[in-house]
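Written out below as structure tokens is the structure these notes cover.
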Amino acid sequence: MMNLFLIDAIGPFFRGYPRRTINWSKIPFEHLQLDGPDSAAQWTQIRADLDTFCARAAAMGYNAISLDDATHLADHSWYELDTRARISRWRAEFGRCMEIAQRHGLQVYFTMDVFSSTPAVREHIARLRWTVERFLAELLDGFLRDFPQVAGVILRIGESDAPDVQGEFRSELYLKRPEQVNRFLKTLLPVFEKHGRQLIFRTWTVGAYRIGDLMWHRGTFVTVLKGVVDSPSLIVSMKFGESDFFRYLPLNKNFFRTRVRKIIELQTRREYEGCGEYPSFTGWDYERYARELDQAENLVGIMVWCQTGGWVPFRRLALLEDRAVWTELNTFVAIRTFKDRQLVEESVRDFAQVKALPNWRSLLELLRLSDTVIHELLYVEEFARQKLFFRRVRIPPILQVYWHNIFISHSVKKVLGYFVQDKEACLRTTKLCQQKLEEMKTLATECGMPEADIEYMADTFNILALAREYYFQPFCAEIEARLRATKKAYKAKYPKGGERHRYRVKMDFKPFWVKARYLGWAFQLLMRRQRGYRLLDRLLTLHTLSLIFRVVSRRRPQWIPSFAKDSAMGVDTVFK
């Protein structure tokens, strides 16, 4: 029986955040003022926004929120004195925030990375020969004792902070092997059982170390949960697919492999699909997952990420701003689908009534067209449907667009040319999608949704359409000129520093130095179309390739794009 409907509530903490490209992975604590004349005003605004957010989330049917993060609130005598002073201030401010959530009938969970520390903590652990598990057990015991209003902690063990995270605490990957994670859970779960709280354990990983295949590998999953599946305090949280929040992914089979209590993670502010700047409707995908999960044992809820995720300049705040209406729509439909078992059509009708929109049928048709355009133009369908694995990760089904970056280059042309056989069908689909975008503008007017968002979507997707001509047709100077002219017009229409942030279009028409034949051989050698590892993977890609990458990154760092090094944890993580 589903009884946990959890939604992240970090949006209020980003109000006024000045960075152009925002790391939405967690609350930017360096932005939160604890002293000075502006501190009181900032926290007053945060509480007002949180009150609004909680009221709207509760009205939709959510019964719990998540905030970041336990590390900044859990005090310990080993911390430096100045760090403990800041923790004291954070505890006071977040205590007031928790009171707001409780007034709206919402439970509060806090996220936590394993492992965040300070120099003093590392020194004590080394000198006393403590394990990290022992320290965390003591730290969380005190945290749960000090905050009886906290319902539980959401643990992330497979991804850590990016290089741009500042402040006292910056997490790093600590757990590297399945057996180590199992011992870790057996150490921490008694603490949560003692206090009658929940430990929500996320299986999300980015492919690093032997634990990097936890989200899809049956053996790793079973080893990690051995002996703990019956704990009354354990909930396992899994993303719906075997990769990040992308389309075209089948439901993760691990939902059906154990009787442990589990929840499914959904993302309604789609970090790879515009972050709510235009309609990227998730209703029909999530409805399909909900039907399939009827056969899953012990599914107890959902965790909706309505703000968290991505390194992007887009900054609409979910459930706080009218312009975040597309994210609000996804968030509304998601809980109606899983909690009330409504059909998408019924949920869209109800949303239109709540928002006093004039024509819900036009909205539904707009969403149908948008769903098709996302599937067929943002993604390249023939590539997206292929099951591809590299080392411990499933290859994302989208290649040429990543967060707010559109890549138009000869290397992308060669890669897509290898994987996409029916190029003519792909080009025909492109033309149909452009027609649908024009229809969507009229429908937006009819149903009272922002037409400017559809226009922005059309302008952006027209670049993708032109890029397809470059990808799937013989190169000519004319298509390069059209792409450059379109990019220039796009930048002029959506200038840097303007009200609407644009996608970053990265073009490079220089011939890629690897011949197509050799590129194909490399794909056949390094990638596989099965989940299980080949002998070749165990001999080459899982071990030898890591050594090769480390040598290359040291001797030829210019070969690795800055984007791949600086965003998230960096591409080197995949090779650990």
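Just remember, in the structure tokens the first chain shown is A, the second B, etc., residues are 1-based per chain, and ligands are 1-based in the order shown.
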
Which stretch 85-183 of chain A residues have any atom within 7 Å of an atom of stretch 198-214 of chain A, and for each, what is the nearest pair of atoms with distance in Å to one decimal, counting only C-alpha atoms, rows sorted by chain and number, as CSV?
residue,atom,partner,partner_atom,distance
A:Ala151,CA,A:Gln198,CA,6.4
A:Gly152,CA,A:Gln198,CA,4.4
A:Val153,CA,A:Leu199,CA,5.3
A:Ile154,CA,A:Ile200,CA,4.6
A:Leu155,CA,A:Phe201,CA,5.1
A:Arg156,CA,A:Arg202,CA,5.5
A:Gly158,CA,A:Thr205,CA,3.9
A:Glu159,CA,A:Thr205,CA,5.8
A:Lys176,CA,A:Tyr209,CA,5.3
A:Arg177,CA,A:Ile211,CA,4.9
A:Pro178,CA,A:Ile211,CA,5.4

Quiz item: Where in stretch 416-557 of chain A does DSSP assign strand (DSSP E or B), given as an NGL selection string?
Solution: :A and (504-508 or 527-528)

Please produce an output containing N, CA and C atoms for each residue in the selection, written as a compact mmCIF listing (two decimals), in the first residue's frame.
# COMPACT_ATOMS: atom_id res chain seq x y z
N ARG A 504 22.71 26.71 -25.00
CA ARG A 504 24.04 27.02 -25.52
C ARG A 504 24.31 26.08 -26.70
N VAL A 505 24.52 26.65 -27.87
CA VAL A 505 24.71 25.87 -29.09
C VAL A 505 26.21 25.80 -29.40
N LYS A 506 26.76 24.61 -29.31
CA LYS A 506 28.19 24.41 -29.54
C LYS A 506 28.39 23.76 -30.91
N MET A 507 29.00 24.50 -31.84
CA MET A 507 29.18 24.00 -33.20
C MET A 507 30.67 23.86 -33.52
N ASP A 508 30.99 22.78 -34.18
CA ASP A 508 32.35 22.52 -34.60
C ASP A 508 32.29 21.62 -35.84
N MET A 527 31.47 -1.02 -26.17
CA MET A 527 30.06 -0.99 -25.75
C MET A 527 29.43 -2.36 -25.94
N ARG A 528 28.42 -2.63 -25.16
CA ARG A 528 27.70 -3.90 -25.26
C ARG A 528 26.20 -3.63 -25.27

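Contact shell of A:Thr308 at 9 Å (only C-alpha atoms; same-chain neighbours under 3 positions omitted): A:Asp8, A:Ala9, A:Ile10, A:Gly11, A:Asn23, A:Trp24, A:Ser25, A:Lys26, A:Ile27, A:Gln267, A:Arg269, A:Glu271, A:Trp305.
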
Exercise. Would you list the contacts of A:Ile395 as a PyMOL selection string, taking every protein, DNA or RNA residue within 12 Å and counting only C-alpha atoms, but skipping same-chain residues closer than 6 positions in sequence?
Key: chain A and resi 206-207+241-244+246+248-249+383-389+523+526-531+574

Kindly save the residues from that selection, with N, CA and C atoms included, as a compact mmCIF listing (two decimals), in the first residue's frame.
# COMPACT_ATOMS: atom_id res chain seq x y z
N VAL A 206 26.64 6.81 -10.39
CA VAL A 206 27.12 7.35 -11.66
C VAL A 206 28.17 6.44 -12.29
N GLY A 207 28.24 5.20 -11.83
CA GLY A 207 29.11 4.22 -12.47
C GLY A 207 30.49 4.08 -11.86
N GLY A 241 14.21 4.18 -14.35
CA GLY A 241 14.95 3.44 -15.36
C GLY A 241 16.32 3.03 -14.88
N GLU A 242 17.14 2.54 -15.81
CA GLU A 242 18.48 2.09 -15.49
C GLU A 242 19.53 3.17 -15.73
N SER A 243 19.07 4.37 -16.00
CA SER A 243 19.94 5.52 -16.18
C SER A 243 19.29 6.70 -15.47
N ASP A 244 19.63 7.90 -15.87
CA ASP A 244 19.05 9.09 -15.25
C ASP A 244 17.64 9.32 -15.78
N PHE A 246 15.56 10.02 -18.18
CA PHE A 246 15.42 10.11 -19.62
C PHE A 246 14.17 9.36 -20.08
N TYR A 248 12.40 6.74 -23.01
CA TYR A 248 12.75 5.50 -23.71
C TYR A 248 13.37 4.44 -22.81
N LEU A 249 13.33 4.60 -21.52
CA LEU A 249 13.92 3.61 -20.63
C LEU A 249 12.83 2.69 -20.09
N PHE A 383 18.16 5.91 -32.20
CA PHE A 383 19.27 5.80 -31.25
C PHE A 383 18.74 5.56 -29.83
N ALA A 384 17.70 6.29 -29.45
CA ALA A 384 17.20 6.24 -28.08
C ALA A 384 16.67 4.86 -27.71
N ARG A 385 16.16 4.12 -28.68
CA ARG A 385 15.58 2.81 -28.38
C ARG A 385 16.63 1.71 -28.23
N GLN A 386 17.88 2.00 -28.50
CA GLN A 386 18.92 0.99 -28.41
C GLN A 386 19.42 0.84 -26.97
N LYS A 387 19.59 -0.39 -26.55
CA LYS A 387 20.10 -0.69 -25.22
C LYS A 387 21.62 -0.80 -25.31
N LEU A 388 22.32 0.18 -24.74
CA LEU A 388 23.77 0.25 -24.83
C LEU A 388 24.37 0.44 -23.44
N PHE A 389 25.41 -0.32 -23.15
CA PHE A 389 26.12 -0.19 -21.88
C PHE A 389 27.60 0.06 -22.14
N PHE A 523 33.23 1.14 -31.01
CA PHE A 523 31.93 0.94 -30.38
C PHE A 523 31.66 -0.54 -30.13
N LEU A 526 34.03 -1.58 -27.13
CA LEU A 526 33.88 -0.98 -25.80
C LEU A 526 32.44 -0.99 -25.29
N MET A 527 31.47 -1.02 -26.17
CA MET A 527 30.06 -0.99 -25.75
C MET A 527 29.43 -2.36 -25.94
N ARG A 528 28.42 -2.63 -25.16
CA ARG A 528 27.70 -3.90 -25.26
C ARG A 528 26.20 -3.63 -25.27
N ARG A 529 25.45 -4.55 -25.80
CA ARG A 529 24.00 -4.41 -25.89
C ARG A 529 23.29 -5.31 -24.89
N GLN A 530 24.00 -5.79 -23.91
CA GLN A 530 23.44 -6.64 -22.86
C GLN A 530 23.80 -6.03 -21.50
N ARG A 531 23.01 -6.37 -20.47
CA ARG A 531 23.31 -5.86 -19.15
C ARG A 531 24.55 -6.54 -18.55
N VAL A 574 33.33 8.05 -14.35
CA VAL A 574 32.90 6.83 -15.02
C VAL A 574 34.03 5.81 -15.09

Exercise. Report the residues of stretch 112-353 of chain A whose backbone DSSP state falls under helix (DSSP H, G or I), written as a PyMOL selection string.
Key: chain A and resi 119-128+132-146+178-195+210-213+218-225+253-256+283-295+322-339+344-353

Could you list, with a cut-off of 12 Å and counting only C-alpha atoms, the residues of stretch 20-62 of chain A near stretch 83-92 of chain A, each shown with its nearest atom pair and the distance in Å rounded to one decimal, rows sorted by chain and ascending number, as a tab-separated table?
residue	atom	partner	partner_atom	distance
A:Phe29	CA	A:Trp90	CA	9.4
A:Glu30	CA	A:Arg86	CA	11.2
A:Leu32	CA	A:Trp90	CA	9.2
A:Gln33	CA	A:Trp90	CA	9.8
A:Leu34	CA	A:Arg89	CA	6.8
A:Asp35	CA	A:Arg89	CA	9.4
A:Ser39	CA	A:Arg89	CA	11.2
A:Trp43	CA	A:Trp90	CA	10.7

Identify, on the basis of only C-alpha atoms, every residue whose closest approach to stretch 465-470 of chain A does not exceed 12 Å; exclude the query and any residue fewer than 3 positions from it along the same chain; express the result as an mmCIF file with C-alpha atoms, in the first residue's frame.
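The result, written out as selection_39.cif:
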data_model
loop_
_atom_site.group_PDB
_atom_site.id
_atom_site.type_symbol
_atom_site.label_atom_id
_atom_site.label_comp_id
_atom_site.auth_asym_id
_atom_site.auth_seq_id
_atom_site.Cartn_x
_atom_site.Cartn_y
_atom_site.Cartn_z
ATOM 1 C CA VAL A 373 7.892 16.350 -30.349
ATOM 2 C CA GLU A 376 10.912 12.388 -31.844
ATOM 3 C CA LEU A 377 12.876 15.644 -32.154
ATOM 4 C CA LEU A 378 14.658 16.249 -28.846
ATOM 5 C CA TYR A 379 15.572 12.557 -28.896
ATOM 6 C CA VAL A 380 16.636 10.644 -32.010
ATOM 7 C CA GLN A 400 23.248 15.591 -29.018
ATOM 8 C CA VAL A 401 21.549 17.556 -26.204
ATOM 9 C CA ILE A 406 23.189 21.471 -28.009
ATOM 10 C CA PHE A 407 26.168 19.789 -29.682
ATOM 11 C CA ILE A 408 26.479 20.145 -33.455
ATOM 12 C CA SER A 409 29.802 18.717 -34.525
ATOM 13 C CA HIS A 410 31.399 16.296 -36.938
ATOM 14 C CA SER A 411 32.032 13.840 -34.107
ATOM 15 C CA VAL A 412 28.314 13.756 -33.198
ATOM 16 C CA LYS A 413 27.501 13.363 -36.910
ATOM 17 C CA LYS A 414 29.742 10.312 -37.118
ATOM 18 C CA LEU A 416 24.746 9.180 -34.963
ATOM 19 C CA GLY A 417 25.592 8.068 -38.475
ATOM 20 C CA VAL A 420 21.012 5.462 -36.984
ATOM 21 C CA LYS A 423 18.183 8.480 -41.827
ATOM 22 C CA GLU A 424 15.416 9.404 -44.255
ATOM 23 C CA ALA A 425 12.726 8.395 -41.751
ATOM 24 C CA CYS A 426 14.423 10.534 -39.128
ATOM 25 C CA LEU A 427 14.363 13.556 -41.444
ATOM 26 C CA ARG A 428 10.694 13.008 -42.329
ATOM 27 C CA THR A 429 9.835 12.867 -38.626
ATOM 28 C CA THR A 430 11.641 16.163 -38.143
ATOM 29 C CA LYS A 431 9.381 17.953 -40.612
ATOM 30 C CA LEU A 432 6.254 16.571 -38.955
ATOM 31 C CA CYS A 433 7.464 17.710 -35.532
ATOM 32 C CA GLN A 434 8.020 21.245 -36.805
ATOM 33 C CA GLN A 435 4.412 21.305 -38.032
ATOM 34 C CA LEU A 437 5.142 22.961 -32.939
ATOM 35 C CA MET A 457 10.422 25.714 -27.716
ATOM 36 C CA ALA A 458 9.910 26.085 -31.468
ATOM 37 C CA ASP A 459 12.941 28.357 -31.843
ATOM 38 C CA THR A 460 15.112 25.918 -29.908
ATOM 39 C CA PHE A 461 13.813 22.815 -31.642
ATOM 40 C CA ASN A 462 14.254 24.416 -35.054
ATOM 41 C CA GLN A 473 22.776 14.338 -45.070
ATOM 42 C CA PRO A 474 26.085 14.775 -46.947
ATOM 43 C CA PHE A 475 27.886 17.860 -45.749
ATOM 44 C CA CYS A 476 27.642 21.062 -47.763
ATOM 45 C CA ALA A 477 28.620 24.642 -47.021
ATOM 46 C CA GLU A 478 24.994 25.757 -47.295
ATOM 47 C CA ILE A 479 23.838 23.821 -44.209
ATOM 48 C CA GLU A 480 26.753 25.184 -42.171
ATOM 49 C CA ALA A 481 25.802 28.725 -43.185
ATOM 50 C CA ARG A 482 22.157 28.139 -42.243
ATOM 51 C CA LEU A 483 23.140 26.746 -38.864
ATOM 52 C CA ARG A 484 25.415 29.683 -38.116
ATOM 53 C CA ALA A 485 22.772 32.201 -39.183
ATOM 54 C CA THR A 486 20.085 30.455 -37.111
ATOM 55 C CA LYS A 487 22.327 30.367 -34.058
ATOM 56 C CA VAL A 505 24.713 25.868 -29.094
ATOM 57 C CA LYS A 506 28.192 24.414 -29.535
ATOM 58 C CA MET A 507 29.181 24.002 -33.195
ATOM 59 C CA ASP A 508 32.353 22.520 -34.604
ATOM 60 C CA PHE A 509 32.438 21.484 -38.259
#

Quiz item: Smallest atom-to-atom distance to A:Asp350: which of A:Glu123, A:Met60, A:Ala492, A:Leu144, using only C-alpha atoms?
Solution: A:Met60

List the neighbours of A:Phe256 out to 7 Å using only C-alpha atoms; skip same-chain residues closer than 3 positions along the sequence, and give me the result as an mmCIF file with N, CA and C atoms, in the first residue's frame.
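Once everything was written out, this is out_11.cif:
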data_model
loop_
_atom_site.group_PDB
_atom_site.id
_atom_site.type_symbol
_atom_site.label_atom_id
_atom_site.label_comp_id
_atom_site.auth_asym_id
_atom_site.auth_seq_id
_atom_site.Cartn_x
_atom_site.Cartn_y
_atom_site.Cartn_z
ATOM 1 N N LYS A 253 14.018 -3.304 -13.527
ATOM 2 C CA LYS A 253 13.572 -4.633 -13.108
ATOM 3 C C LYS A 253 13.797 -4.884 -11.617
ATOM 4 N N ALA A 296 4.577 -5.043 -8.660
ATOM 5 C CA ALA A 296 5.750 -4.958 -7.783
ATOM 6 C C ALA A 296 5.333 -5.137 -6.334
ATOM 7 N N GLU A 297 6.096 -5.920 -5.595
ATOM 8 C CA GLU A 297 5.804 -6.178 -4.193
ATOM 9 C C GLU A 297 6.319 -5.041 -3.313
#
